[in-house]
Amino acid sequence: MNLVSSVLPAKIQKLDLQTWLQRGLLIIALLFLSFSLLLPLANMLFKSLQNKQGEFIGLTNFSAYFSNSALYSSIANSLTVATISTVIVVSSAFVVAYTLTRSAIVGKGVFKIITSLPLFAPSLLPALSLIYLFGNQGVLKGILPVESIYGPMGIIMGLCFWMFPHALMIMVTAFSNSDGRLYEAAAALKTPAWRVFLTVTLPSVRYGLINTLFVCFTLAVTDFGVAKIIGGQYNVLATDIYKQVIGQQNFHMGAVVSVVLLLPALISFWVDRRVQRQQTAQLSARAVPYQVQKSVIKDRLLLLFCGLISLVLLTIIAMAVYASLVTFWPYNQQLTLANYQFEDMDGGGWDAYFNSVQMASWVAVLGTVIVFISAYLTEKVNIMNNWRKALHFLAMLPMAVPGMVLGLSYIFFFNSSNNPLHFIYASMAILVLNTTVHFYTVCHLTALTSLKQIDAQFESVSASLKVPFYVTFWRVTLPLCLPAVLDISIYLFVNALTTVSAVVFLYSADTALASVAIMNMDEAGDTAAAAAMAVLLMVTALSVKIIHWLCSKNILSNTQRWRSR
Amino acid sequence: MHSPYLNISHLTKNYGNFTALEDISLQVEEGEFVCFLGPSGCGKTTLLRSIAGLEQNTSGTIHQAGKEISQLPPQSRDFGIVFQSYALFPNLNVSDNISYGLRNKKLTRKAAQWRASELLQQVEMPGVELKYPAQLSGGQQQRVALARALAMEPGLLLLDEPLSALDARVRAHLRQEICMLQRKLGITTIMVTHDQEEALTMADKIVAMNQGVIAQIGTARQIYQQPNSAFVANFIGCMNMLAVSVKGQQLTFSAGQYLWSKDIASDISNGHLGFRPEQVKVLPPDLRSIPAQSTTGLQIAATVISITFMGASIRLRCLAQGCTIEVELPPSEPYSAKAGSGDKVLLTIEGDKLHFFANPSQQSTDSPAALVTAIIDQPLIQGAI
């Protein structure tokens, strides 16, 4: 009796206001990702096992899929273009990353800027540009080794352009984390250069290389934009989903293709996580940065290679810009701005553009808040450990979910009249929600990395000083993570502005988006206007990036003074 | 009835199947300076964090100032804490760091700043209010962390290896200052350390821990002079350990035997005879023929195999029938100047300087005892006191 009475009040007191608040936030974060990711996906899996009347028919849809060669041949097509473009991109990104980090060439800054440009373009842009370069009326049609650019050749070239900066970023990071002492030790042991490369350089970037392979493969196998514009009769999985759903209104077959597309992405995600887990910190705190050695011949060759890559990237961008300014290709090459008068065309006109900017801004603001708070909950709050693990898992999952699959899942989930959240269907809100979730994982990892760099004892110290956790979050954690928070916001903005795959299923007449407008104008034959819109998106993304960079510099110089010694 | 300031009773902490703390009972008096000492993984930090509420204990109770606190969250307990990593908020200046908790107590900004300056005086760091942590050295940062922990005038100060990240000179200096400050303020303090020297010099009371249990509690003198187990004897200071077999009170080892003066439980068949290197007297070769004065002590004939000059002392390593014995001689000892490798010497240890540690009685196999022997037969140089 005595025991009970002495324990009970303590138990009740233990769950004080702060703990309740933390629990509440954690549950809200879990609910958010459940309703915006897990339940829609589960819904889609169910739909793939139902017929049009909504009756459960087991794997019948799948057997129908695999008995139709027009459908299942897309699997081989997708894997082929993904494999080839991954090999090309990763090997060239490897060399360029090596050049930018390990050679003494001049103009590294210029190369860095040029090679990052594709990040700001929708994946539709290279496809459109390639049509002008190698299409039936193309400037360089003569040097194309195959019959037509419409097909695997075009898809591969477009993907290579668009994936290159993604691969380069990971490879540059991998090459930057090197310990100069290992090279000094190798030199002291009189190791020939090729052996140093094989035994020191390659192992140190091993994980980065594997990571790049998986990221690129996933991007390539799930991309919709390039294949939609330039794929021609060559079907891939992402375009199949679109054709089934939009073309034939066969939602259930769309769900089946989605499941098929989800598989390679999930496998690559799983393998990649396994590999990352093997990675131990290779860089000790005492590592000495690598000092670049000059080598005239090597540097010249590398410079030549970087020059070539930059030339290719710039040509594709320049062609798109030029095409958007030409009156009527190729017959009237008078320069004009007529192609930018979108109100005269299909697809939503200038409204679509402003919708896109509005959507991207919402995603940048709301997405950053949501991502950062839930990353904080997974990393810094010491309650309900299994729930926190679940939250982390849900945050990692979007990386494995192709945009097309996520978009289709949203139709199934939110368009059902039984769903109390039905009201957001066909609104701006669903586009913001979908896009936030689509790009969630990279932001989550960025936030997590910066949170992990903060001393784990800050929360303990605050508790001992009787300061509530939210005060420490506001006064210490957030200011320390400000650079990461700013990075997340611009990443979300640029991607939300240029994405096409997920939102292609979700826009309505009032919420048409610029990237979708590009696709529709291209379909309607207004290729020049499509190129104009693609260029406009790219210019917008770049300008916002530059403004963001200037503001960040200003903010950081005011708030991060403590970093200087 | 007198009740201690901090009373931990039957505290247990499990992580799944792993027992980090097992049935810990411990009392800390008001104003006392207690050190938790033990090798890494012994549970000392877990015990400290349980007292702070940063870890939740599985069972048992903790009473602080008469109040049961083991179920309270850390912010409802009364303690200040200093970590090895300093854990200063890097984006706040020194003054804001120290007054971080004060602002919550409805103190005005000015009053809080004034209090911060006062605390900086106390840790002998005046005038650094506006600097950021990155602009201070490790020792200075730790002083600021100490000031911050004291700012809320807690009843209990917890120090989690506060000196381990500092270099030797700063460490020795700060050690003294923490002691002086603690005595001056009379604040009950618990420090976790794996450094025996730190524990011996600073603590009123040492709690030696091993594998989640308390091995021994006592003053520095008690722990050093009367270790109650081979573990404590070895971990604190350095001790020669001769593996012995037991028959009645007769202890037999490879280089001789010794009649133990006290009773030994009848089920004990193995154990160790221990003595500190500085307790060994050396009779050099030319004096060996003279009969030893002491008959109550232990005598071992041995050969010197190496001599190490340690500055304040000379260390001899001797071999006697397979036993390695470490001997520490003061430079004042005449033999220390002329000792040579290969000398045949007679080692003598007074009876009251000898310790007998029984091996746990073997119920099933020999393996636990063999394990203890294996650990203890390691070379015993662990740094002199």
# chains A, B, ... in the order shown; residues from 1 in each chain; ligands from 1
>>> residues_around(residues="region 407-413 of chain A", least_positions_apart="4", cutoff="10 Å", atoms="only C-alpha atoms", output="ChimeraX atom specification")
/A:35-47,241-242,245,251-252,254-255,258,401-403,417-419,421-422,425-426,430-431,433-435,438,501-506
>>> select_by_dssp(residues="region 57-270 of chain B", states="strand (DSSP E)", output="PyMOL selection string")
chain B and resi 59-64+67-68+80-83+156-160+188-193+205-210+213-218+240-247+250-253+256-259+270
>>> closest_atom_pairs(of="chain B", to="chain A", cutoff="7 Å", atoms="only C-alpha atoms", output="tab-separated table")
residue	atom	partner	partner_atom	distance
B:Leu54	CA	A:Ser460	CA	6.8
B:Gln71	CA	A:Ala10	CA	5.7
B:Leu72	CA	A:Lys14	CA	5.0
B:Pro73	CA	A:Lys14	CA	5.7
B:Pro74	CA	A:Ala463	CA	5.6
B:Gln75	CA	A:Ala463	CA	4.4
B:Phe79	CA	A:Ser464	CA	6.0
B:Gly80	CA	A:Ser464	CA	5.6
B:Ile81	CA	A:Val461	CA	6.7
B:Ala87	CA	A:Phe458	CA	6.0
B:Phe89	CA	A:Val476	CA	6.5
B:Pro90	CA	A:Trp562	CA	6.7
B:Asn91	CA	A:Trp562	CA	5.5
B:Gly101	CA	A:Leu465	CA	4.8
B:Asn104	CA	A:Val467	CA	6.7
B:Tyr132	CA	A:Trp562	CA	5.8
B:Ala134	CA	A:Arg565	CA	5.7
B:Gln135	CA	A:Arg565	CA	5.0
B:Met152	CA	A:Leu465	CA	6.8
>>> write_last_selection(atoms="C-alpha atoms", output="PDB file, in the first residue's frame")
ATOM      1  CA  LEU B  54      19.239  11.348 -18.138  1.00  0.00           C
ATOM      2  CA  GLN B  71      10.978   8.849 -11.617  1.00  0.00           C
ATOM      3  CA  LEU B  72      11.393  12.568 -12.199  1.00  0.00           C
ATOM      4  CA  PRO B  73      12.533  13.967 -15.540  1.00  0.00           C
ATOM      5  CA  PRO B  74      15.903  15.735 -15.404  1.00  0.00           C
ATOM      6  CA  GLN B  75      14.381  19.210 -15.472  1.00  0.00           C
ATOM      7  CA  PHE B  79      21.625  19.242 -10.138  1.00  0.00           C
ATOM      8  CA  GLY B  80      24.242  20.993 -12.246  1.00  0.00           C
ATOM      9  CA  ILE B  81      26.304  19.010 -14.697  1.00  0.00           C
ATOM     10  CA  ALA B  87      28.916  21.187 -24.099  1.00  0.00           C
ATOM     11  CA  PHE B  89      26.540  26.494 -26.651  1.00  0.00           C
ATOM     12  CA  PRO B  90      28.891  27.653 -29.417  1.00  0.00           C
ATOM     13  CA  ASN B  91      26.588  30.376 -30.734  1.00  0.00           C
ATOM     14  CA  GLY B 101      19.228  28.997 -17.080  1.00  0.00           C
ATOM     15  CA  ASN B 104      14.244  31.358 -16.964  1.00  0.00           C
ATOM     16  CA  TYR B 132      32.564  32.914 -27.773  1.00  0.00           C
ATOM     17  CA  ALA B 134      35.591  28.779 -29.801  1.00  0.00           C
ATOM     18  CA  GLN B 135      37.854  31.649 -28.733  1.00  0.00           C
ATOM     19  CA  MET B 152      21.510  27.790 -10.707  1.00  0.00           C
TER      20      MET B 152
END
>>> residues_around(residues="Leu182 (chain A)", least_positions_apart="2", cutoff="10 Å", atoms="only C-alpha atoms", output="JSON, numbers by chain")
{"A": [178, 179, 180, 184, 185, 186, 187, 188, 196, 200, 201, 287, 288, 290]}
>>> residues_around(residues="region 173-177 of chain B", least_positions_apart="6", cutoff="12 Å", atoms="only C-alpha atoms", output="PDB file with C-alpha atoms, in the first residue's frame")
ATOM      1  CA  GLN B 122      34.739  32.460  -8.878  1.00  0.00           C
ATOM      2  CA  VAL B 123      36.278  30.208 -11.538  1.00  0.00           C
ATOM      3  CA  GLU B 124      39.071  32.770 -11.984  1.00  0.00           C
ATOM      4  CA  GLY B 138      39.929  23.746 -23.480  1.00  0.00           C
ATOM      5  CA  GLY B 139      40.720  24.502 -19.850  1.00  0.00           C
ATOM      6  CA  GLN B 140      38.995  27.881 -20.066  1.00  0.00           C
ATOM      7  CA  GLN B 141      35.923  26.345 -21.678  1.00  0.00           C
ATOM      8  CA  GLN B 142      35.690  23.804 -18.899  1.00  0.00           C
ATOM      9  CA  ARG B 143      35.805  26.594 -16.310  1.00  0.00           C
ATOM     10  CA  LEU B 146      31.644  24.763 -14.394  1.00  0.00           C
ATOM     11  CA  LEU B 159      31.043  16.060 -13.155  1.00  0.00           C
ATOM     12  CA  GLU B 161      35.022  13.070 -16.688  1.00  0.00           C
ATOM     13  CA  PRO B 162      35.452  16.836 -16.716  1.00  0.00           C
ATOM     14  CA  LEU B 163      39.230  16.797 -17.027  1.00  0.00           C
ATOM     15  CA  SER B 164      39.780  13.922 -19.454  1.00  0.00           C
ATOM     16  CA  LEU B 166      42.527  18.447 -21.176  1.00  0.00           C
ATOM     17  CA  ASP B 167      46.299  18.168 -21.332  1.00  0.00           C
ATOM     18  CA  ARG B 183      35.185  23.010  -0.378  1.00  0.00           C
ATOM     19  CA  LYS B 184      34.453  26.738  -0.436  1.00  0.00           C
ATOM     20  CA  MET B 191      32.662  13.085 -10.265  1.00  0.00           C
ATOM     21  CA  THR B 193      36.615   9.387 -13.717  1.00  0.00           C
ATOM     22  CA  ASP B 195      41.872   8.250 -13.731  1.00  0.00           C
ATOM     23  CA  GLU B 197      45.212   9.624  -9.605  1.00  0.00           C
ATOM     24  CA  GLU B 198      42.353  12.099 -10.054  1.00  0.00           C
ATOM     25  CA  ALA B 199      40.131  10.066  -7.750  1.00  0.00           C
ATOM     26  CA  LEU B 200      42.781   9.616  -5.063  1.00  0.00           C
ATOM     27  CA  THR B 201      43.725  13.283  -4.935  1.00  0.00           C
ATOM     28  CA  MET B 202      40.258  14.831  -5.182  1.00  0.00           C
ATOM     29  CA  ALA B 203      37.692  12.620  -3.508  1.00  0.00           C
TER      30      ALA B 203
END
>>> residues_around(residues="Asp223 (chain A)", least_positions_apart="5", cutoff="10 Å", atoms="only C-alpha atoms", output="PDB file with N, CA, C and O atoms, in the first residue's frame")
ATOM      1  N   SER A  78      13.439   0.063 -69.690  1.00  0.00           N
ATOM      2  CA  SER A  78      13.808   0.941 -68.578  1.00  0.00           C
ATOM      3  C   SER A  78      15.175   0.576 -68.035  1.00  0.00           C
ATOM      4  O   SER A  78      16.027   1.442 -67.800  1.00  0.00           O
ATOM      5  N   ALA A  82      18.534   2.912 -68.218  1.00  0.00           N
ATOM      6  CA  ALA A  82      19.055   3.301 -66.900  1.00  0.00           C
ATOM      7  C   ALA A  82      20.494   2.830 -66.736  1.00  0.00           C
ATOM      8  O   ALA A  82      21.357   3.575 -66.271  1.00  0.00           O
ATOM      9  N   SER A 123      13.761  18.248 -66.192  1.00  0.00           N
ATOM     10  CA  SER A 123      14.361  17.214 -67.042  1.00  0.00           C
ATOM     11  C   SER A 123      13.786  17.259 -68.453  1.00  0.00           C
ATOM     12  O   SER A 123      14.294  16.630 -69.366  1.00  0.00           O
ATOM     13  N   ILE A 155      16.666   9.332 -74.945  1.00  0.00           N
ATOM     14  CA  ILE A 155      16.432   9.215 -73.500  1.00  0.00           C
ATOM     15  C   ILE A 155      17.766   9.194 -72.767  1.00  0.00           C
ATOM     16  O   ILE A 155      17.967   9.896 -71.769  1.00  0.00           O
ATOM     17  N   LEU A 159      18.968  11.952 -70.122  1.00  0.00           N
ATOM     18  CA  LEU A 159      19.201  11.552 -68.735  1.00  0.00           C
ATOM     19  C   LEU A 159      20.619  11.914 -68.306  1.00  0.00           C
ATOM     20  O   LEU A 159      20.843  12.366 -67.185  1.00  0.00           O
ATOM     21  N   PHE A 217      21.090   5.312 -60.905  1.00  0.00           N
ATOM     22  CA  PHE A 217      20.248   4.270 -61.465  1.00  0.00           C
ATOM     23  C   PHE A 217      18.780   4.522 -61.104  1.00  0.00           C
ATOM     24  O   PHE A 217      17.888   4.420 -61.947  1.00  0.00           O
ATOM     25  N   THR A 218      18.553   4.886 -59.836  1.00  0.00           N
ATOM     26  CA  THR A 218      17.178   5.155 -59.414  1.00  0.00           C
ATOM     27  C   THR A 218      16.594   6.340 -60.167  1.00  0.00           C
ATOM     28  O   THR A 218      15.456   6.287 -60.647  1.00  0.00           O
ATOM     29  N   LYS A 228       9.145  11.070 -71.690  1.00  0.00           N
ATOM     30  CA  LYS A 228       7.869  11.561 -72.202  1.00  0.00           C
ATOM     31  C   LYS A 228       8.073  12.393 -73.465  1.00  0.00           C
ATOM     32  O   LYS A 228       7.334  12.275 -74.438  1.00  0.00           O
ATOM     33  N   VAL A 236       8.945   3.164 -71.644  1.00  0.00           N
ATOM     34  CA  VAL A 236       9.599   2.813 -70.381  1.00  0.00           C
ATOM     35  C   VAL A 236       8.531   2.795 -69.298  1.00  0.00           C
ATOM     36  O   VAL A 236       7.397   3.234 -69.523  1.00  0.00           O
ATOM     37  N   LEU A 237       8.890   2.304 -68.110  1.00  0.00           N
ATOM     38  CA  LEU A 237       7.886   2.090 -67.061  1.00  0.00           C
ATOM     39  C   LEU A 237       7.164   3.383 -66.680  1.00  0.00           C
ATOM     40  O   LEU A 237       5.945   3.416 -66.561  1.00  0.00           O
ATOM     41  N   ALA A 238       7.944   4.461 -66.520  1.00  0.00           N
ATOM     42  CA  ALA A 238       7.320   5.712 -66.053  1.00  0.00           C
ATOM     43  C   ALA A 238       6.301   6.222 -67.063  1.00  0.00           C
ATOM     44  O   ALA A 238       5.219   6.691 -66.690  1.00  0.00           O
ATOM     45  N   THR A 239       6.626   6.133 -68.363  1.00  0.00           N
ATOM     46  CA  THR A 239       5.657   6.615 -69.350  1.00  0.00           C
ATOM     47  C   THR A 239       4.465   5.656 -69.467  1.00  0.00           C
ATOM     48  O   THR A 239       3.357   6.076 -69.782  1.00  0.00           O
ATOM     49  N   PRO A 402       9.256   6.373 -56.669  1.00  0.00           N
ATOM     50  CA  PRO A 402       9.307   7.213 -57.863  1.00  0.00           C
ATOM     51  C   PRO A 402       8.150   8.219 -57.866  1.00  0.00           C
ATOM     52  O   PRO A 402       7.063   7.929 -57.358  1.00  0.00           O
ATOM     53  N   GLY A 403       8.393   9.397 -58.435  1.00  0.00           N
ATOM     54  CA  GLY A 403       7.374  10.436 -58.469  1.00  0.00           C
ATOM     55  C   GLY A 403       6.067   9.983 -59.080  1.00  0.00           C
ATOM     56  O   GLY A 403       4.994  10.293 -58.556  1.00  0.00           O
ATOM     57  N   MET A 404       6.155   9.232 -60.185  1.00  0.00           N
ATOM     58  CA  MET A 404       4.935   8.768 -60.834  1.00  0.00           C
ATOM     59  C   MET A 404       4.104   7.917 -59.888  1.00  0.00           C
ATOM     60  O   MET A 404       2.880   8.010 -59.851  1.00  0.00           O
ATOM     61  N   VAL A 500       8.116  17.265 -62.577  1.00  0.00           N
ATOM     62  CA  VAL A 500       6.957  17.031 -63.409  1.00  0.00           C
ATOM     63  C   VAL A 500       6.288  15.704 -63.073  1.00  0.00           C
ATOM     64  O   VAL A 500       5.078  15.556 -63.151  1.00  0.00           O
ATOM     65  N   SER A 501       7.091  14.711 -62.631  1.00  0.00           N
ATOM     66  CA  SER A 501       6.572  13.346 -62.573  1.00  0.00           C
ATOM     67  C   SER A 501       5.381  13.185 -61.631  1.00  0.00           C
ATOM     68  O   SER A 501       4.337  12.682 -62.040  1.00  0.00           O
TER      69      SER A 501
END
>>> residues_around(residues="Gln137 (chain A)", least_positions_apart="6", cutoff="12 Å", atoms="only C-alpha atoms", output="CSV table (one decimal) with all heavy atoms, in the first residue's frame")
chain,number,residue,atom,x,y,z
A,130,LEU,N,17.5,18.4,-77.2
A,130,LEU,CA,18.0,17.4,-78.1
A,130,LEU,C,17.2,17.3,-79.4
A,130,LEU,O,17.7,16.9,-80.4
A,130,LEU,CB,18.0,16.0,-77.3
A,130,LEU,CG,19.1,15.9,-76.2
A,130,LEU,CD1,18.9,14.7,-75.4
A,130,LEU,CD2,20.5,15.9,-76.9
A,131,ILE,N,15.9,17.6,-79.3
A,131,ILE,CA,15.1,17.5,-80.5
A,131,ILE,C,15.6,18.6,-81.5
A,131,ILE,O,15.7,18.3,-82.7
A,131,ILE,CB,13.6,17.7,-80.1
A,131,ILE,CG1,13.0,16.5,-79.3
A,131,ILE,CG2,12.8,18.0,-81.4
A,131,ILE,CD1,11.6,16.7,-78.8
A,148,SER,N,17.1,7.8,-85.5
A,148,SER,CA,16.3,8.8,-85.0
A,148,SER,C,16.6,9.1,-83.5
A,148,SER,O,17.0,8.1,-82.8
A,148,SER,CB,14.8,8.4,-85.1
A,148,SER,OG,14.0,9.3,-84.2
A,149,ILE,N,16.5,10.3,-83.1
A,149,ILE,CA,16.8,10.7,-81.7
A,149,ILE,C,15.7,10.3,-80.8
A,149,ILE,O,15.8,10.0,-79.6
A,149,ILE,CB,17.1,12.2,-81.6
A,149,ILE,CG1,17.6,12.6,-80.2
A,149,ILE,CG2,15.8,13.0,-81.9
A,149,ILE,CD1,19.0,12.2,-79.9
A,328,PHE,N,10.2,30.5,-86.1
A,328,PHE,CA,9.6,29.2,-86.5
A,328,PHE,C,10.7,28.3,-87.1
A,328,PHE,O,11.2,28.5,-88.2
A,328,PHE,CB,8.5,29.4,-87.6
A,328,PHE,CG,7.8,28.2,-87.9
A,328,PHE,CD1,7.1,27.5,-87.0
A,328,PHE,CD2,7.7,27.7,-89.3
A,328,PHE,CE1,6.4,26.4,-87.3
A,328,PHE,CE2,7.0,26.6,-89.6
A,328,PHE,CZ,6.3,25.9,-88.6
A,329,TRP,N,11.1,27.4,-86.3
A,329,TRP,CA,12.3,26.5,-86.6
A,329,TRP,C,11.9,25.5,-87.6
A,329,TRP,O,10.8,25.0,-87.5
A,329,TRP,CB,12.7,25.8,-85.3
A,329,TRP,CG,13.9,25.0,-85.5
A,329,TRP,CD1,14.0,23.7,-85.9
A,329,TRP,CD2,15.3,25.4,-85.3
A,329,TRP,NE1,15.2,23.2,-86.0
A,329,TRP,CE2,16.1,24.3,-85.7
A,329,TRP,CE3,15.9,26.6,-85.0
A,329,TRP,CZ2,17.5,24.3,-85.6
A,329,TRP,CZ3,17.3,26.6,-84.9
A,329,TRP,CH2,18.1,25.4,-85.2
A,330,PRO,N,12.7,25.2,-88.6
A,330,PRO,CA,13.9,25.9,-89.0
A,330,PRO,C,13.8,26.9,-90.1
A,330,PRO,O,14.7,27.3,-90.6
A,330,PRO,CB,14.8,24.7,-89.4
A,330,PRO,CG,13.8,23.8,-90.1
A,330,PRO,CD,12.4,24.0,-89.4
A,331,TYR,N,12.5,27.2,-90.4
A,331,TYR,CA,12.3,28.0,-91.6
A,331,TYR,C,12.4,29.5,-91.4
A,331,TYR,O,12.9,30.2,-92.3
A,331,TYR,CB,10.8,27.7,-92.2
A,331,TYR,CG,10.7,26.2,-92.3
A,331,TYR,CD1,9.8,25.5,-91.4
A,331,TYR,CD2,11.3,25.5,-93.3
A,331,TYR,CE1,9.7,24.1,-91.6
A,331,TYR,CE2,11.2,24.1,-93.4
A,331,TYR,CZ,10.4,23.4,-92.6
A,331,TYR,OH,10.3,22.1,-92.7
>>> residues_around(residues="Val327 (chain B)", least_positions_apart="6", cutoff="10 Å", atoms="only C-alpha atoms", output="ChimeraX atom specification")
/B:239-240,275-282,304,307,314-318,347
>>> write_last_selection(atoms="C-alpha atoms", output="PDB file, in the first residue's frame")
ATOM      1  CA  MET B 239      50.246  -4.460  -7.092  1.00  0.00           C
ATOM      2  CA  ASN B 240      52.349  -7.579  -7.482  1.00  0.00           C
ATOM      3  CA  PHE B 275      51.855  -6.472  -2.278  1.00  0.00           C
ATOM      4  CA  ARG B 276      52.680  -3.024  -3.587  1.00  0.00           C
ATOM      5  CA  PRO B 277      56.039  -2.506  -5.365  1.00  0.00           C
ATOM      6  CA  GLU B 278      57.029   0.261  -2.960  1.00  0.00           C
ATOM      7  CA  GLN B 279      56.510  -2.046   0.050  1.00  0.00           C
ATOM      8  CA  VAL B 280      59.264  -4.421  -1.059  1.00  0.00           C
ATOM      9  CA  LYS B 281      62.612  -4.171   0.693  1.00  0.00           C
ATOM     10  CA  VAL B 282      65.625  -5.338  -1.266  1.00  0.00           C
ATOM     11  CA  VAL B 304      67.059  -8.513 -11.097  1.00  0.00           C
ATOM     12  CA  ILE B 307      66.188  -1.476 -14.051  1.00  0.00           C
ATOM     13  CA  ILE B 314      63.872   3.415  -9.410  1.00  0.00           C
ATOM     14  CA  ARG B 315      61.884   0.471 -10.643  1.00  0.00           C
ATOM     15  CA  LEU B 316      63.365  -3.020 -10.635  1.00  0.00           C
ATOM     16  CA  ARG B 317      61.880  -5.967 -12.381  1.00  0.00           C
ATOM     17  CA  CYS B 318      62.843  -9.198 -10.657  1.00  0.00           C
ATOM     18  CA  LEU B 347      63.077  -9.446  -1.447  1.00  0.00           C
TER      19      LEU B 347
END
>>> atom_distance(atom1="CA of Ala339 (chain B)", atom2="CA of Ala255 (chain B)")
21.6 Å
>>> atom_distance(atom1="CA of Thr303 (chain B)", atom2="CA of Asp343 (chain B)")
5.6 Å
>>> closest_residue(among="B:Leu120, B:Val192, B:Leu329, B:Cys35", to="Thr219 (chain B)", atoms="only C-alpha atoms")
B:Cys35
>>> closest_residue(among="B:Glu29, B:Asp96, B:Glu22, B:Asp352", to="Lys262 (chain B)", atoms="only C-alpha atoms")
B:Asp352
>>> closest_residue(among="A:Leu482, A:Cys160, A:Val292, A:Ala541", to="Leu117 (chain A)", atoms="only C-alpha atoms")
A:Ala541
